[in-house]
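So this one's protein34.json, JSON, C-alpha atoms:
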```json
[["chain", "number", "residue", "atom", "x", "y", "z"],
["A", 1, "MET", "CA", 13.16, 12.82, 13.19],
["A", 2, "LEU", "CA", 13.30, 9.51, 11.36],
["A", 3, "ALA", "CA", 15.79, 6.67, 11.62],
["A", 4, "GLY", "CA", 19.33, 7.41, 10.52],
["A", 5, "GLY", "CA", 19.04, 11.11, 11.23],
["A", 6, "ALA", "CA", 16.49, 11.74, 8.48],
["A", 7, "ARG", "CA", 14.19, 14.69, 9.06],
["A", 8, "VAL", "CA", 10.77, 15.20, 7.46],
["A", 9, "THR", "CA", 10.71, 18.60, 5.77],
["A", 10, "SER", "CA", 7.17, 18.48, 4.41],
["A", 11, "SER", "CA", 4.13, 16.27, 4.28],
["A", 12, "ARG", "CA", 0.86, 16.40, 2.43],
["A", 13, "ARG", "CA", -2.14, 14.17, 1.91],
["A", 14, "GLU", "CA", -2.98, 13.26, -1.65],
["A", 15, "SER", "CA", -5.66, 11.11, -3.23],
["A", 16, "LEU", "CA", -5.61, 8.74, -6.15],
["A", 17, "ARG", "CA", -8.57, 7.52, -8.16],
["A", 18, "VAL", "CA", -8.16, 3.84, -9.07],
["A", 19, "ASP", "CA", -10.32, 2.46, -11.86],
["A", 20, "ALA", "CA", -8.14, -0.42, -13.06],
["A", 21, "PHE", "CA", -10.15, -3.27, -11.50],
["A", 22, "SER", "CA", -13.40, -4.80, -12.69],
["A", 23, "GLY", "CA", -14.39, -5.63, -9.11],
["A", 24, "ALA", "CA", -13.19, -6.57, -5.65],
["A", 25, "GLU", "CA", -12.00, -10.04, -6.69],
["A", 26, "ALA", "CA", -9.89, -8.57, -9.50],
["A", 27, "PHE", "CA", -8.30, -6.22, -6.95],
["A", 28, "ARG", "CA", -7.49, -9.19, -4.69],
["A", 29, "ASP", "CA", -6.09, -11.24, -7.56],
["A", 30, "TYR", "CA", -3.87, -8.40, -8.75],
["A", 31, "PHE", "CA", -2.40, -7.71, -5.32],
["A", 32, "ARG", "CA", -2.00, -11.43, -4.65],
["A", 33, "SER", "CA", 0.20, -11.82, -7.73],
["A", 34, "HIS", "CA", 1.88, -8.40, -8.17],
["A", 35, "TYR", "CA", 2.33, -6.55, -4.84],
["A", 36, "GLY", "CA", 5.38, -7.71, -2.88],
["A", 37, "PRO", "CA", 4.06, -7.35, 0.68],
["A", 38, "THR", "CA", 0.81, -9.12, -0.23],
["A", 39, "ILE", "CA", 2.72, -11.88, -2.04],
["A", 40, "ALA", "CA", 4.81, -12.36, 1.11],
["A", 41, "VAL", "CA", 1.74, -12.66, 3.33],
["A", 42, "TYR", "CA", 0.19, -15.23, 1.00],
["A", 43, "ARG", "CA", 3.46, -17.15, 1.03],
["A", 44, "ASN", "CA", 3.41, -17.07, 4.84],
["A", 45, "VAL", "CA", -0.10, -18.57, 5.07],
["A", 46, "ALA", "CA", 0.15, -20.91, 2.07],
["A", 47, "ASP", "CA", 0.13, -24.05, 4.22],
["A", 48, "ASP", "CA", -3.05, -23.02, 6.05],
["A", 49, "PRO", "CA", -6.19, -23.04, 3.87],
["A", 50, "GLN", "CA", -8.27, -21.26, 6.54],
["A", 51, "ARG", "CA", -5.80, -18.38, 6.88],
["A", 52, "THR", "CA", -5.48, -18.15, 3.10],
["A", 53, "ALA", "CA", -9.27, -17.96, 2.76],
["A", 54, "ALA", "CA", -9.42, -15.33, 5.52],
["A", 55, "LEU", "CA", -6.82, -13.24, 3.69],
["A", 56, "ASP", "CA", -8.75, -13.61, 0.43],
["A", 57, "GLU", "CA", -11.92, -12.44, 2.19],
["A", 58, "ALA", "CA", -10.16, -9.53, 3.91],
["A", 59, "LEU", "CA", -8.75, -8.20, 0.63],
["A", 60, "VAL", "CA", -12.12, -8.50, -1.10],
["A", 61, "ALA", "CA", -13.79, -6.71, 1.84],
["A", 62, "LEU", "CA", -11.17, -3.94, 1.70],
["A", 63, "ALA", "CA", -11.77, -3.43, -2.01],
["A", 64, "ARG", "CA", -15.56, -3.55, -1.64],
["A", 65, "GLY", "CA", -15.42, -1.03, 1.19],
["A", 66, "ALA", "CA", -13.46, 1.30, -1.09],
["A", 67, "GLY", "CA", -15.94, 0.96, -3.96],
["A", 68, "ALA", "CA", -14.23, -1.56, -6.25],
["A", 69, "ASP", "CA", -17.51, -3.22, -7.22],
["A", 70, "GLU", "CA", -18.71, 0.15, -8.55],
["A", 71, "GLY", "CA", -15.57, 0.38, -10.70],
["A", 72, "VAL", "CA", -13.80, 3.26, -8.93],
["A", 73, "MET", "CA", -11.88, 3.49, -5.67],
["A", 74, "ASP", "CA", -10.51, 6.68, -4.15],
["A", 75, "TRP", "CA", -7.39, 6.05, -2.06],
["A", 76, "GLU", "CA", -5.66, 8.55, 0.20],
["A", 77, "TYR", "CA", -1.92, 8.50, 0.80],
["A", 78, "LEU", "CA", 0.62, 10.57, 2.68],
["A", 79, "LEU", "CA", 3.57, 12.01, 0.74],
["A", 80, "LEU", "CA", 6.62, 12.81, 2.87],
["A", 81, "THR", "CA", 9.72, 14.72, 1.80],
["A", 82, "ALA", "CA", 12.74, 14.15, 4.01],
["A", 83, "GLU", "CA", 16.38, 15.14, 4.27],
["A", 84, "VAL", "CA", 18.98, 12.57, 5.14],
["A", 85, "GLY", "CA", 22.35, 13.59, 6.55],
["A", 86, "VAL", "CA", 25.40, 11.56, 5.55],
["A", 87, "ASP", "CA", 28.75, 12.71, 6.97],
["A", 88, "GLY", "CA", 27.39, 16.20, 7.43],
["A", 89, "VAL", "CA", 26.01, 16.42, 3.88],
["A", 90, "ARG", "CA", 22.23, 16.73, 3.51],
["A", 91, "SER", "CA", 20.27, 15.36, 0.58],
["A", 92, "ALA", "CA", 16.55, 15.42, -0.12],
["A", 93, "GLY", "CA", 14.25, 12.62, -1.19],
["A", 94, "THR", "CA", 10.61, 11.64, -1.17],
["A", 95, "GLY", "CA", 8.77, 8.59, -0.02],
["A", 96, "VAL", "CA", 5.18, 7.47, -0.14],
["A", 97, "THR", "CA", 3.38, 5.71, 2.67],
["A", 98, "SER", "CA", -0.23, 4.62, 2.87]]
```

For this file, write the structure as structure tokens.
Amino acid sequence: MLAGGARVTSSRRESLRVDAFSGAEAFRDYFRSHYGPTIAVYRNVADDPQRTAALDEALVALARGAGADEGVMDWEYLLLTAEVGVDGVRSAGTGVTS
């Protein structure tokens, strides 16, 4: 059971091949400027050069560990399908989490 009375009806693991980045730094730069949660973290540490550098390094390490410097990363994600009840009426939807 999820919040608000939602109930997971199915789940499955999927994988996605990512070949859009020329290397780990390109991955970092893209997420730094395009991905909302990463943008928010950078905004939160903007006044601290050491924390900003640590975040830069962590994102590059994540991408390198996934193979970005070789040009291809394989990412796994979990796809959930859930039903949400509103006033006794059930409706289905999907969500992706990593």

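Among the candidates A:Ser11, A:Thr81, A:Thr38, A:Ser33, the one nearest to Leu59 of chain A when counting all atoms listed in the file is A:Thr38.
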
What residues have an atom no more than 12 Å from (-6.1, -13.1, 5.0) in the file's own frame, counting only C-alpha atoms, and can you write them as a PyMOL selection string? chain A and resi 28+32+38-46+48-62

Leaving out Leu16 of chain A and any residue of its chain fewer than 6 positions from it, which residues lie within 10 Å of it when counting all atoms listed in the file, given as a PyMOL selection string? chain A and resi 73-77

Atom CA of Ala63 of chain A and atom CA of Arg13 of chain A are how many Å apart? 20.4 Å

Could you jot down the atom CA of Leu80 of chain A to atom CA of Ala68 of chain A separation for me, Å, one decimal place? 26.9 Å

In Å, rounded to a single decimal, give me how far atom CA of Tyr35 of chain A is from atom CA of Ala66 of chain A.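 Here the two named atoms are 18.0 Å from each other.
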
Rank A:Val18, A:Val72, A:Gly85, A:Phe31 by their smallest atom-to-atom distance to Leu2 of chain A, using only C-alpha atoms, and report the top residue only.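 Nearest to Leu2 of chain A: A:Gly85.
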
Give the padded box for segment 46-64 of chain A as JSON: axis-aligned, covering all atoms listed in the file, 6 Å on each side, centre and edge lengths in Å to one decimal.
```
{"center_x": -7.7, "center_y": -13.7, "center_z": 2.4, "size_x": 27.7, "size_y": 32.6, "size_z": 20.9}
```

Nearest to Ser15 of chain A: which of A:Asp69, A:Pro37, A:Val84, A:Leu78 is it, counting all atoms listed in the file?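 Among the listed residues, the smallest separation from Ser15 of chain A belongs to A:Leu78.
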